[in-house]
$ cat upload.pdb   # PDB, N, CA and C atoms
ATOM      1  N   MET V   1     116.829 117.066  -3.562
ATOM      2  CA  MET V   1     115.871 117.512  -2.568
ATOM      3  C   MET V   1     115.672 116.401  -1.538
ATOM      4  N   THR V   2     115.687 116.759  -0.238
ATOM      5  CA  THR V   2     115.544 115.756   0.815
ATOM      6  C   THR V   2     114.124 115.780   1.361
ATOM      7  N   SER V   3     113.670 114.620   1.756
ATOM      8  CA  SER V   3     112.354 114.538   2.392
ATOM      9  C   SER V   3     112.523 114.804   3.886
ATOM     10  N   PRO V   4     111.427 115.144   4.592
ATOM     11  CA  PRO V   4     111.537 115.428   6.023
ATOM     12  C   PRO V   4     112.078 114.242   6.821
ATOM     13  N   ILE V   5     111.870 113.043   6.335
ATOM     14  CA  ILE V   5     112.331 111.866   7.062
ATOM     15  C   ILE V   5     113.852 111.772   7.044
ATOM     16  N   ASP V   6     114.498 112.410   6.067
ATOM     17  CA  ASP V   6     115.946 112.358   5.948
ATOM     18  C   ASP V   6     116.649 113.435   6.759
ATOM     19  N   GLU V   7     115.908 114.385   7.286
ATOM     20  CA  GLU V   7     116.515 115.498   8.008
ATOM     21  C   GLU V   7     116.889 115.069   9.419
ATOM     22  N   GLU V   8     118.100 115.410   9.795
ATOM     23  CA  GLU V   8     118.554 115.127  11.154
ATOM     24  C   GLU V   8     117.982 116.185  12.094
ATOM     25  N   PRO V   9     117.421 115.752  13.229
ATOM     26  CA  PRO V   9     116.940 116.734  14.207
ATOM     27  C   PRO V   9     118.122 117.402  14.904
ATOM     28  N   ASP V  10     117.839 118.464  15.600
ATOM     29  CA  ASP V  10     118.857 119.143  16.394
ATOM     30  C   ASP V  10     119.503 118.106  17.320
ATOM     31  N   TYR V  11     120.810 118.105  17.374
ATOM     32  CA  TYR V  11     121.517 117.084  18.143
ATOM     33  C   TYR V  11     121.134 117.098  19.615
ATOM     34  N   ARG V  12     120.736 118.264  20.134
ATOM     35  CA  ARG V  12     120.348 118.338  21.547
ATOM     36  C   ARG V  12     119.119 117.481  21.822
ATOM     37  N   PHE V  13     118.178 117.467  20.885
ATOM     38  CA  PHE V  13     116.984 116.646  21.056
ATOM     39  C   PHE V  13     117.327 115.160  20.934
ATOM     40  N   THR V  14     118.218 114.846  20.012
ATOM     41  CA  THR V  14     118.647 113.459  19.855
ATOM     42  C   THR V  14     119.334 112.962  21.123
ATOM     43  N   LEU V  15     120.205 113.791  21.683
ATOM     44  CA  LEU V  15     120.897 113.402  22.916
ATOM     45  C   LEU V  15     119.940 113.331  24.107
ATOM     46  N   ALA V  16     118.964 114.231  24.168
ATOM     47  CA  ALA V  16     117.966 114.169  25.243
ATOM     48  C   ALA V  16     117.153 112.882  25.137
ATOM     49  N   ASN V  17     116.806 112.491  23.917
ATOM     50  CA  ASN V  17     116.084 111.242  23.698
ATOM     51  C   ASN V  17     116.929 110.055  24.166
ATOM     52  N   GLU V  18     118.213 110.101  23.879
ATOM     53  CA  GLU V  18     119.114 109.029  24.303
ATOM     54  C   GLU V  18     119.249 108.984  25.816
ATOM     55  N   ARG V  19     119.325 110.152  26.464
ATOM     56  CA  ARG V  19     119.416 110.183  27.931
ATOM     57  C   ARG V  19     118.150 109.601  28.561
ATOM     58  N   THR V  20     117.009 109.893  27.975
ATOM     59  CA  THR V  20     115.759 109.337  28.484
ATOM     60  C   THR V  20     115.758 107.816  28.340
ATOM     61  N   TYR V  21     116.224 107.334  27.209
ATOM     62  CA  TYR V  21     116.324 105.895  26.977
ATOM     63  C   TYR V  21     117.228 105.249  28.035
ATOM     64  N   LEU V  22     118.361 105.858  28.294
ATOM     65  CA  LEU V  22     119.283 105.320  29.294
ATOM     66  C   LEU V  22     118.689 105.372  30.703
ATOM     67  N   ALA V  23     117.893 106.393  30.987
ATOM     68  CA  ALA V  23     117.229 106.472  32.292
ATOM     69  C   ALA V  23     116.234 105.321  32.451
ATOM     70  N   TYR V  24     115.517 104.993  31.389
ATOM     71  CA  TYR V  24     114.611 103.845  31.441
ATOM     72  C   TYR V  24     115.393 102.550  31.646
ATOM     73  N   LEU V  25     116.555 102.434  31.018
ATOM     74  CA  LEU V  25     117.366 101.226  31.210
ATOM     75  C   LEU V  25     117.856 101.121  32.654
ATOM     76  N   ARG V  26     118.213 102.251  33.261
ATOM     77  CA  ARG V  26     118.613 102.215  34.681
ATOM     78  C   ARG V  26     117.432 101.789  35.555
ATOM     79  N   THR V  27     116.252 102.264  35.212
ATOM     80  CA  THR V  27     115.060 101.879  35.963
ATOM     81  C   THR V  27     114.796 100.382  35.820
ATOM     82  N   SER V  28     114.970  99.863  34.606
ATOM     83  CA  SER V  28     114.750  98.426  34.422
ATOM     84  C   SER V  28     115.788  97.617  35.196
ATOM     85  N   LEU V  29     117.022  98.089  35.244
ATOM     86  CA  LEU V  29     118.041  97.406  36.049
ATOM     87  C   LEU V  29     117.669  97.409  37.533
ATOM     88  N   ALA V  30     117.105  98.507  38.004
ATOM     89  CA  ALA V  30     116.662  98.576  39.398
ATOM     90  C   ALA V  30     115.523  97.595  39.649
ATOM     91  N   CYS V  31     114.636  97.442  38.684
ATOM     92  CA  CYS V  31     113.555  96.460  38.820
ATOM     93  C   CYS V  31     114.110  95.046  38.881
ATOM     94  N   TYR V  32     115.081  94.742  38.026
ATOM     95  CA  TYR V  32     115.707  93.416  38.057
ATOM     96  C   TYR V  32     116.359  93.176  39.419
ATOM     97  N   ALA V  33     117.140  94.134  39.876
ATOM     98  CA  ALA V  33     117.845  93.989  41.153
ATOM     99  C   ALA V  33     116.861  93.869  42.313
ATOM    100  N   GLY V  34     115.813  94.682  42.293
ATOM    101  CA  GLY V  34     114.810  94.613  43.356
ATOM    102  C   GLY V  34     114.065  93.294  43.352
ATOM    103  N   GLY V  35     113.735  92.804  42.161
ATOM    104  CA  GLY V  35     113.025  91.535  42.071
ATOM    105  C   GLY V  35     113.865  90.368  42.537
ATOM    106  N   LEU V  36     115.103  90.332  42.104
ATOM    107  CA  LEU V  36     115.987  89.246  42.525
ATOM    108  C   LEU V  36     116.292  89.335  44.017
ATOM    109  N   SER V  37     116.429  90.547  44.531
ATOM    110  CA  SER V  37     116.661  90.729  45.967
ATOM    111  C   SER V  37     115.443  90.305  46.781
ATOM    112  N   ALA V  38     114.263  90.602  46.282
ATOM    113  CA  ALA V  38     113.046  90.209  46.993
ATOM    114  C   ALA V  38     112.970  88.693  47.133
ATOM    115  N   VAL V  39     113.258  87.993  46.057
ATOM    116  CA  VAL V  39     113.215  86.529  46.111
ATOM    117  C   VAL V  39     114.295  85.996  47.051
ATOM    118  N   GLN V  40     115.442  86.609  47.034
ATOM    119  CA  GLN V  40     116.576  86.113  47.831
ATOM    120  C   GLN V  40     116.461  86.463  49.315
ATOM    121  N   PHE V  41     116.006  87.691  49.636
ATOM    122  CA  PHE V  41     116.148  88.173  51.004
ATOM    123  C   PHE V  41     114.849  88.416  51.770
ATOM    124  N   LEU V  42     113.720  88.596  51.104
ATOM    125  CA  LEU V  42     112.479  88.862  51.837
ATOM    126  C   LEU V  42     111.975  87.587  52.493
ATOM    127  N   ASP V  43     111.598  87.706  53.728
ATOM    128  CA  ASP V  43     111.024  86.569  54.447
ATOM    129  C   ASP V  43     109.621  86.972  54.884
ATOM    130  N   LEU V  44     108.662  86.739  54.015
ATOM    131  CA  LEU V  44     107.291  87.169  54.277
ATOM    132  C   LEU V  44     106.356  85.990  54.524
ATOM    133  N   GLY V  45     106.867  84.945  55.064
ATOM    134  CA  GLY V  45     106.017  83.795  55.352
ATOM    135  C   GLY V  45     106.798  82.502  55.228
ATOM    136  N   PRO V  46     106.202  81.418  55.700
ATOM    137  CA  PRO V  46     106.914  80.145  55.716
ATOM    138  C   PRO V  46     107.268  79.606  54.331
ATOM    139  N   ASP V  47     106.392  79.756  53.370
ATOM    140  CA  ASP V  47     106.700  79.220  52.042
ATOM    141  C   ASP V  47     107.202  80.299  51.070
ATOM    142  N   ARG V  48     107.340  81.513  51.543
ATOM    143  CA  ARG V  48     107.954  82.637  50.804
ATOM    144  C   ARG V  48     107.252  82.986  49.494
ATOM    145  N   TRP V  49     106.005  82.582  49.287
ATOM    146  CA  TRP V  49     105.354  82.898  48.016
ATOM    147  C   TRP V  49     105.115  84.391  47.831
ATOM    148  N   PRO V  50     104.864  85.195  48.880
ATOM    149  CA  PRO V  50     104.736  86.642  48.626
ATOM    150  C   PRO V  50     106.024  87.245  48.056
ATOM    151  N   ALA V  51     107.160  86.818  48.566
ATOM    152  CA  ALA V  51     108.435  87.333  48.057
ATOM    153  C   ALA V  51     108.647  86.914  46.609
ATOM    154  N   LYS V  52     108.247  85.692  46.288
ATOM    155  CA  LYS V  52     108.373  85.214  44.910
ATOM    156  C   LYS V  52     107.479  86.007  43.965
ATOM    157  N   ILE V  53     106.260  86.309  44.410
ATOM    158  CA  ILE V  53     105.346  87.105  43.574
ATOM    159  C   ILE V  53     105.922  88.499  43.348
ATOM    160  N   ILE V  54     106.399  89.133  44.427
ATOM    161  CA  ILE V  54     107.003  90.465  44.299
ATOM    162  C   ILE V  54     108.192  90.414  43.347
ATOM    163  N   GLY V  55     109.040  89.409  43.502
ATOM    164  CA  GLY V  55     110.209  89.275  42.631
ATOM    165  C   GLY V  55     109.828  89.087  41.174
ATOM    166  N   ILE V  56     108.865  88.222  40.916
ATOM    167  CA  ILE V  56     108.436  87.964  39.534
ATOM    168  C   ILE V  56     107.846  89.217  38.915
ATOM    169  N   VAL V  57     107.003  89.920  39.661
ATOM    170  CA  VAL V  57     106.382  91.143  39.131
ATOM    171  C   VAL V  57     107.444  92.191  38.804
ATOM    172  N   LEU V  58     108.424  92.356  39.689
ATOM    173  CA  LEU V  58     109.466  93.354  39.440
ATOM    174  C   LEU V  58     110.352  92.984  38.249
ATOM    175  N   VAL V  59     110.701  91.720  38.119
ATOM    176  CA  VAL V  59     111.523  91.311  36.977
ATOM    177  C   VAL V  59     110.745  91.464  35.673
ATOM    178  N   ILE V  60     109.466  91.110  35.675
ATOM    179  CA  ILE V  60     108.640  91.307  34.470
ATOM    180  C   ILE V  60     108.531  92.798  34.150
ATOM    181  N   ALA V  61     108.373  93.636  35.184
ATOM    182  CA  ALA V  61     108.337  95.085  34.950
ATOM    183  C   ALA V  61     109.646  95.567  34.338
ATOM    184  N   GLY V  62     110.758  94.999  34.760
ATOM    185  CA  GLY V  62     112.049  95.358  34.167
ATOM    186  C   GLY V  62     112.136  94.964  32.710
ATOM    187  N   ILE V  63     111.647  93.770  32.379
ATOM    188  CA  ILE V  63     111.659  93.318  30.983
ATOM    189  C   ILE V  63     110.778  94.213  30.118
ATOM    190  N   VAL V  64     109.580  94.519  30.608
ATOM    191  CA  VAL V  64     108.660  95.388  29.861
ATOM    192  C   VAL V  64     109.260  96.779  29.697
ATOM    193  N   THR V  65     109.914  97.276  30.736
ATOM    194  CA  THR V  65     110.543  98.600  30.668
ATOM    195  C   THR V  65     111.680  98.623  29.651
ATOM    196  N   THR V  66     112.480  97.576  29.634
ATOM    197  CA  THR V  66     113.575  97.507  28.661
ATOM    198  C   THR V  66     113.037  97.538  27.231
ATOM    199  N   ALA V  67     112.056  96.699  26.959
ATOM    200  CA  ALA V  67     111.475  96.653  25.609
ATOM    201  C   ALA V  67     110.749  97.960  25.270
ATOM    202  N   GLY V  68     109.974  98.471  26.223
ATOM    203  CA  GLY V  68     109.237  99.713  25.988
ATOM    204  C   GLY V  68     110.154 100.906  25.780
ATOM    205  N   ALA V  69     111.265 100.933  26.500
ATOM    206  CA  ALA V  69     112.217 102.039  26.354
ATOM    207  C   ALA V  69     112.820 102.056  24.959
ATOM    208  N   PHE V  70     113.163 100.872  24.450
ATOM    209  CA  PHE V  70     113.740 100.805  23.111
ATOM    210  C   PHE V  70     112.715 101.245  22.060
ATOM    211  N   ARG V  71     111.491 100.763  22.196
ATOM    212  CA  ARG V  71     110.442 101.161  21.246
ATOM    213  C   ARG V  71     110.192 102.665  21.309
ATOM    214  N   ARG V  72     110.189 103.220  22.536
ATOM    215  CA  ARG V  72     109.950 104.660  22.692
ATOM    216  C   ARG V  72     111.096 105.461  22.084
ATOM    217  N   TRP V  73     112.327 105.037  22.314
ATOM    218  CA  TRP V  73     113.484 105.734  21.752
ATOM    219  C   TRP V  73     113.384 105.770  20.227
ATOM    220  N   GLN V  74     113.073 104.614  19.634
ATOM    221  CA  GLN V  74     112.944 104.556  18.175
ATOM    222  C   GLN V  74     111.793 105.432  17.673
ATOM    223  N   ALA V  75     110.643 105.358  18.313
ATOM    224  CA  ALA V  75     109.469 106.136  17.882
ATOM    225  C   ALA V  75     109.745 107.632  17.998
ATOM    226  N   ASN V  76     110.397 108.053  19.079
ATOM    227  CA  ASN V  76     110.727 109.467  19.242
ATOM    228  C   ASN V  76     111.700 109.927  18.165
ATOM    229  N   LEU V  77     112.688 109.106  17.848
ATOM    230  CA  LEU V  77     113.661 109.468  16.824
ATOM    231  C   LEU V  77     112.987 109.601  15.453
ATOM    232  N   ARG V  78     112.099 108.651  15.145
ATOM    233  CA  ARG V  78     111.362 108.738  13.870
ATOM    234  C   ARG V  78     110.513 110.003  13.814
ATOM    235  N   ALA V  79     109.829 110.308  14.911
ATOM    236  CA  ALA V  79     108.970 111.496  14.951
ATOM    237  C   ALA V  79     109.797 112.770  14.803
ATOM    238  N   MET V  80     110.931 112.839  15.467
ATOM    239  CA  MET V  80     111.777 114.029  15.360
ATOM    240  C   MET V  80     112.288 114.206  13.940
ATOM    241  N   ARG V  81     112.681 113.117  13.308
ATOM    242  CA  ARG V  81     113.178 113.205  11.928
ATOM    243  C   ARG V  81     112.085 113.595  10.952
ATOM    244  N   ALA V  82     110.856 113.213  11.258
ATOM    245  CA  ALA V  82     109.733 113.549  10.387
ATOM    246  C   ALA V  82     109.138 114.916  10.727
ATOM    247  N   GLY V  83     109.601 115.531  11.798
ATOM    248  CA  GLY V  83     109.058 116.819  12.218
ATOM    249  C   GLY V  83     107.664 116.692  12.810
ATOM    250  N   ALA V  84     107.332 115.512  13.318
ATOM    251  CA  ALA V  84     106.001 115.256  13.875
ATOM    252  C   ALA V  84     106.029 115.395  15.396
ATOM    253  N   SER V  85     104.847 115.344  15.983
ATOM    254  CA  SER V  85     104.752 115.359  17.443
ATOM    255  C   SER V  85     105.286 114.052  17.999
ATOM    256  N   LEU V  86     105.832 114.123  19.202
ATOM    257  CA  LEU V  86     106.322 112.910  19.844
ATOM    258  C   LEU V  86     105.145 112.039  20.264
ATOM    259  N   PRO V  87     105.281 110.723  20.114
ATOM    260  CA  PRO V  87     104.181 109.833  20.484
ATOM    261  C   PRO V  87     103.986 109.779  21.996
ATOM    262  N   VAL V  88     102.759 109.520  22.382
ATOM    263  CA  VAL V  88     102.421 109.395  23.803
ATOM    264  C   VAL V  88     102.829 107.999  24.272
ATOM    265  N   THR V  89     103.294 107.913  25.507
ATOM    266  CA  THR V  89     103.690 106.620  26.068
ATOM    267  C   THR V  89     102.994 106.389  27.401
ATOM    268  N   ARG V  90     102.712 105.136  27.681
ATOM    269  CA  ARG V  90     102.125 104.765  28.967
ATOM    270  C   ARG V  90     103.167 104.116  29.884
ATOM    271  N   LEU V  91     104.393 104.109  29.448
ATOM    272  CA  LEU V  91     105.453 103.456  30.209
ATOM    273  C   LEU V  91     105.618 104.039  31.619
ATOM    274  N   PRO V  92     105.650 105.358  31.813
ATOM    275  CA  PRO V  92     105.770 105.874  33.182
ATOM    276  C   PRO V  92     104.580 105.497  34.061
ATOM    277  N   LEU V  93     103.380 105.472  33.488
ATOM    278  CA  LEU V  93     102.194 105.074  34.255
ATOM    279  C   LEU V  93     102.306 103.613  34.678
ATOM    280  N   MET V  94     102.738 102.753  33.757
ATOM    281  CA  MET V  94     102.899 101.335  34.070
ATOM    282  C   MET V  94     103.935 101.142  35.172
ATOM    283  N   LEU V  95     105.052 101.848  35.057
ATOM    284  CA  LEU V  95     106.100 101.719  36.068
ATOM    285  C   LEU V  95     105.626 102.208  37.438
ATOM    286  N   GLY V  96     105.009 103.358  37.452
ATOM    287  CA  GLY V  96     104.523 103.915  38.716
ATOM    288  C   GLY V  96     103.485 103.020  39.376
ATOM    289  N   ALA V  97     102.540 102.505  38.583
ATOM    290  CA  ALA V  97     101.507 101.626  39.128
ATOM    291  C   ALA V  97     102.107 100.320  39.636
ATOM    292  N   THR V  98     103.028  99.763  38.887
ATOM    293  CA  THR V  98     103.652  98.500  39.302
ATOM    294  C   THR V  98     104.420  98.671  40.602
ATOM    295  N   ILE V  99     105.202  99.721  40.692
ATOM    296  CA  ILE V  99     105.995  99.946  41.901
ATOM    297  C   ILE V  99     105.089 100.221  43.099
ATOM    298  N   ALA V 100     104.006 100.972  42.889
ATOM    299  CA  ALA V 100     103.065 101.246  43.976
ATOM    300  C   ALA V 100     102.381  99.962  44.446
ATOM    301  N   VAL V 101     101.946  99.130  43.520
ATOM    302  CA  VAL V 101     101.263  97.880  43.890
ATOM    303  C   VAL V 101     102.222  96.929  44.600
ATOM    304  N   VAL V 102     103.430  96.789  44.078
ATOM    305  CA  VAL V 102     104.417  95.908  44.716
ATOM    306  C   VAL V 102     104.760  96.426  46.116
ATOM    307  N   GLY V 103     104.920  97.720  46.261
ATOM    308  CA  GLY V 103     105.188  98.289  47.575
ATOM    309  C   GLY V 103     104.051  98.047  48.549
ATOM    310  N   LEU V 104     102.821  98.188  48.066
ATOM    311  CA  LEU V 104     101.656  97.942  48.911
ATOM    312  C   LEU V 104     101.572  96.471  49.318
ATOM    313  N   ILE V 105     101.822  95.573  48.379
ATOM    314  CA  ILE V 105     101.813  94.138  48.699
ATOM    315  C   ILE V 105     102.884  93.832  49.742
ATOM    316  N   GLY V 106     104.074  94.364  49.550
ATOM    317  CA  GLY V 106     105.141  94.143  50.526
ATOM    318  C   GLY V 106     104.794  94.681  51.894
ATOM    319  N   LEU V 107     104.194  95.862  51.922
ATOM    320  CA  LEU V 107     103.798  96.462  53.188
ATOM    321  C   LEU V 107     102.722  95.624  53.892
ATOM    322  N   LEU V 108     101.712  95.216  53.134
ATOM    323  CA  LEU V 108     100.640  94.415  53.709
ATOM    324  C   LEU V 108     101.153  93.098  54.280
ATOM    325  N   PHE V 109     101.998  92.414  53.541
ATOM    326  CA  PHE V 109     102.526  91.143  54.034
ATOM    327  C   PHE V 109     103.490  91.346  55.199
ATOM    328  N   SER V 110     104.201  92.464  55.234
ATOM    329  CA  SER V 110     105.070  92.752  56.368
ATOM    330  C   SER V 110     104.245  93.001  57.635
ATOM    331  N   LEU V 111     103.128  93.713  57.486
ATOM    332  CA  LEU V 111     102.257  93.980  58.640
ATOM    333  C   LEU V 111     101.504  92.725  59.063
ATOM    334  N   TRP V 112     101.142  91.896  58.098
ATOM    335  CA  TRP V 112     100.378  90.681  58.373
ATOM    336  C   TRP V 112     101.207  89.650  59.097
ATOM    337  N   ARG V 113     102.460  89.640  58.814
ATOM    338  CA  ARG V 113     103.389  88.651  59.367
ATOM    339  C   ARG V 113     103.584  88.842  60.804
TER     340      ARG V 113
END
$ encode --input "upload.pdb" --output "structure tokens"
Amino acid sequence: MTSPIDEEPDYRFTLANERTYLAYLRTSLACYAGGLSAVQFLDLGPDRWPAKIIGIVLVIAGIVTTAGAFRRWQANLRAMRAGASLPVTRLPLMLGATIAVVGLIGLLFSLWR
């Protein structure tokens, strides 16, 4: 007799979970690229500290997204195997808020300059 934890979920759900995980990884790569590009190419003042702040925030958001995506993928897989509800995540809210704040900071410093 098998326990619910040993049951494999429908492969379509497993693959959808994997696609979501990969989408988060692409988003984290975009954060890394945007952060490094901001530090390299943005000229928002003589000492460039606004560009450095934007770059640091975006790279940290990428790191958090990478770690959060892996944790979410694992938690979803465990929940599916147990036949439980999928856990709630705040990762999309964090990403959306971070990107909005960084965009606003960039806009403000571009107008201020």
$ resolve_selection --input "upload.pdb" --expression "the PyMOL selection byres (((chain V and resi 95-112 and name CA) around 9) and name CA)" --output "ChimeraX atom specification"
/V:27,31,43-45,50-51,53-54,57-58,61-62,65,90-94,113
$ resolve_selection --input "upload.pdb" --expression "the PyMOL selection byres (((chain V and resi 77-85 and name CA) around 12) and name CA)" --output "PyMOL selection string"
chain V and resi 2-18+20-21+70-76+86-88
$ atom_distance --input "upload.pdb" --atom1 "atom N of V:Gly35" --atom2 "atom N of V:Ala69"
17.8 Å
$ atom_distance --input "upload.pdb" --atom1 "atom CA of V:Thr89" --atom2 "atom CA of V:Gly55"
24.9 Å
$ select_by_dssp --input "upload.pdb" --residues "chain V" --states "helix (DSSP H, G or I)" --output "count of residues only"
90
$ atom_distance --input "upload.pdb" --atom1 "atom N of V:Gly34" --atom2 "atom N of V:Thr66"
13.4 Å
$ axis_aligned_box --input "upload.pdb" --around "stretch 94-112 of chain V" --padding-each-side "6 Å" --output "lines of an AutoDock Vina configuration file"
center_x = 103.2
center_y = 96.8
center_z = 46.4
size_x = 17.7
size_y = 26.3
size_z = 37.3
$ build_atoms --input "upload.pdb" --residues "stretch 85-102 of chain V" --atoms "N, CA, C and O atoms" --output "PDB file, in the frame of the given file"
ATOM      1  N   SER V  85     104.847 115.344  15.983  1.00  0.00           N
ATOM      2  CA  SER V  85     104.752 115.359  17.443  1.00  0.00           C
ATOM      3  C   SER V  85     105.286 114.052  17.999  1.00  0.00           C
ATOM      4  O   SER V  85     105.188 113.005  17.366  1.00  0.00           O
ATOM      5  N   LEU V  86     105.832 114.123  19.202  1.00  0.00           N
ATOM      6  CA  LEU V  86     106.322 112.910  19.844  1.00  0.00           C
ATOM      7  C   LEU V  86     105.145 112.039  20.264  1.00  0.00           C
ATOM      8  O   LEU V  86     104.128 112.549  20.729  1.00  0.00           O
ATOM      9  N   PRO V  87     105.281 110.723  20.114  1.00  0.00           N
ATOM     10  CA  PRO V  87     104.181 109.833  20.484  1.00  0.00           C
ATOM     11  C   PRO V  87     103.986 109.779  21.996  1.00  0.00           C
ATOM     12  O   PRO V  87     104.927 109.954  22.766  1.00  0.00           O
ATOM     13  N   VAL V  88     102.759 109.520  22.382  1.00  0.00           N
ATOM     14  CA  VAL V  88     102.421 109.395  23.803  1.00  0.00           C
ATOM     15  C   VAL V  88     102.829 107.999  24.272  1.00  0.00           C
ATOM     16  O   VAL V  88     102.721 107.030  23.534  1.00  0.00           O
ATOM     17  N   THR V  89     103.294 107.913  25.507  1.00  0.00           N
ATOM     18  CA  THR V  89     103.690 106.620  26.068  1.00  0.00           C
ATOM     19  C   THR V  89     102.994 106.389  27.401  1.00  0.00           C
ATOM     20  O   THR V  89     102.730 107.340  28.137  1.00  0.00           O
ATOM     21  N   ARG V  90     102.712 105.136  27.681  1.00  0.00           N
ATOM     22  CA  ARG V  90     102.125 104.765  28.967  1.00  0.00           C
ATOM     23  C   ARG V  90     103.167 104.116  29.884  1.00  0.00           C
ATOM     24  O   ARG V  90     102.833 103.620  30.952  1.00  0.00           O
ATOM     25  N   LEU V  91     104.393 104.109  29.448  1.00  0.00           N
ATOM     26  CA  LEU V  91     105.453 103.456  30.209  1.00  0.00           C
ATOM     27  C   LEU V  91     105.618 104.039  31.619  1.00  0.00           C
ATOM     28  O   LEU V  91     105.688 103.267  32.587  1.00  0.00           O
ATOM     29  N   PRO V  92     105.650 105.358  31.813  1.00  0.00           N
ATOM     30  CA  PRO V  92     105.770 105.874  33.182  1.00  0.00           C
ATOM     31  C   PRO V  92     104.580 105.497  34.061  1.00  0.00           C
ATOM     32  O   PRO V  92     104.760 105.188  35.241  1.00  0.00           O
ATOM     33  N   LEU V  93     103.380 105.472  33.488  1.00  0.00           N
ATOM     34  CA  LEU V  93     102.194 105.074  34.255  1.00  0.00           C
ATOM     35  C   LEU V  93     102.306 103.613  34.678  1.00  0.00           C
ATOM     36  O   LEU V  93     102.024 103.263  35.829  1.00  0.00           O
ATOM     37  N   MET V  94     102.738 102.753  33.757  1.00  0.00           N
ATOM     38  CA  MET V  94     102.899 101.335  34.070  1.00  0.00           C
ATOM     39  C   MET V  94     103.935 101.142  35.172  1.00  0.00           C
ATOM     40  O   MET V  94     103.718 100.390  36.117  1.00  0.00           O
ATOM     41  N   LEU V  95     105.052 101.848  35.057  1.00  0.00           N
ATOM     42  CA  LEU V  95     106.100 101.719  36.068  1.00  0.00           C
ATOM     43  C   LEU V  95     105.626 102.208  37.438  1.00  0.00           C
ATOM     44  O   LEU V  95     105.827 101.538  38.446  1.00  0.00           O
ATOM     45  N   GLY V  96     105.009 103.358  37.452  1.00  0.00           N
ATOM     46  CA  GLY V  96     104.523 103.915  38.716  1.00  0.00           C
ATOM     47  C   GLY V  96     103.485 103.020  39.376  1.00  0.00           C
ATOM     48  O   GLY V  96     103.542 102.769  40.590  1.00  0.00           O
ATOM     49  N   ALA V  97     102.540 102.505  38.583  1.00  0.00           N
ATOM     50  CA  ALA V  97     101.507 101.626  39.128  1.00  0.00           C
ATOM     51  C   ALA V  97     102.107 100.320  39.636  1.00  0.00           C
ATOM     52  O   ALA V  97     101.747  99.836  40.720  1.00  0.00           O
ATOM     53  N   THR V  98     103.028  99.763  38.887  1.00  0.00           N
ATOM     54  CA  THR V  98     103.652  98.500  39.302  1.00  0.00           C
ATOM     55  C   THR V  98     104.420  98.671  40.602  1.00  0.00           C
ATOM     56  O   THR V  98     104.285  97.864  41.532  1.00  0.00           O
ATOM     57  N   ILE V  99     105.202  99.721  40.692  1.00  0.00           N
ATOM     58  CA  ILE V  99     105.995  99.946  41.901  1.00  0.00           C
ATOM     59  C   ILE V  99     105.089 100.221  43.099  1.00  0.00           C
ATOM     60  O   ILE V  99     105.332  99.734  44.206  1.00  0.00           O
ATOM     61  N   ALA V 100     104.006 100.972  42.889  1.00  0.00           N
ATOM     62  CA  ALA V 100     103.065 101.246  43.976  1.00  0.00           C
ATOM     63  C   ALA V 100     102.381  99.962  44.446  1.00  0.00           C
ATOM     64  O   ALA V 100     102.268  99.723  45.660  1.00  0.00           O
ATOM     65  N   VAL V 101     101.946  99.130  43.520  1.00  0.00           N
ATOM     66  CA  VAL V 101     101.263  97.880  43.890  1.00  0.00           C
ATOM     67  C   VAL V 101     102.222  96.929  44.600  1.00  0.00           C
ATOM     68  O   VAL V 101     101.874  96.338  45.624  1.00  0.00           O
ATOM     69  N   VAL V 102     103.430  96.789  44.078  1.00  0.00           N
ATOM     70  CA  VAL V 102     104.417  95.908  44.716  1.00  0.00           C
ATOM     71  C   VAL V 102     104.760  96.426  46.116  1.00  0.00           C
ATOM     72  O   VAL V 102     104.862  95.647  47.064  1.00  0.00           O
TER      73      VAL V 102
END
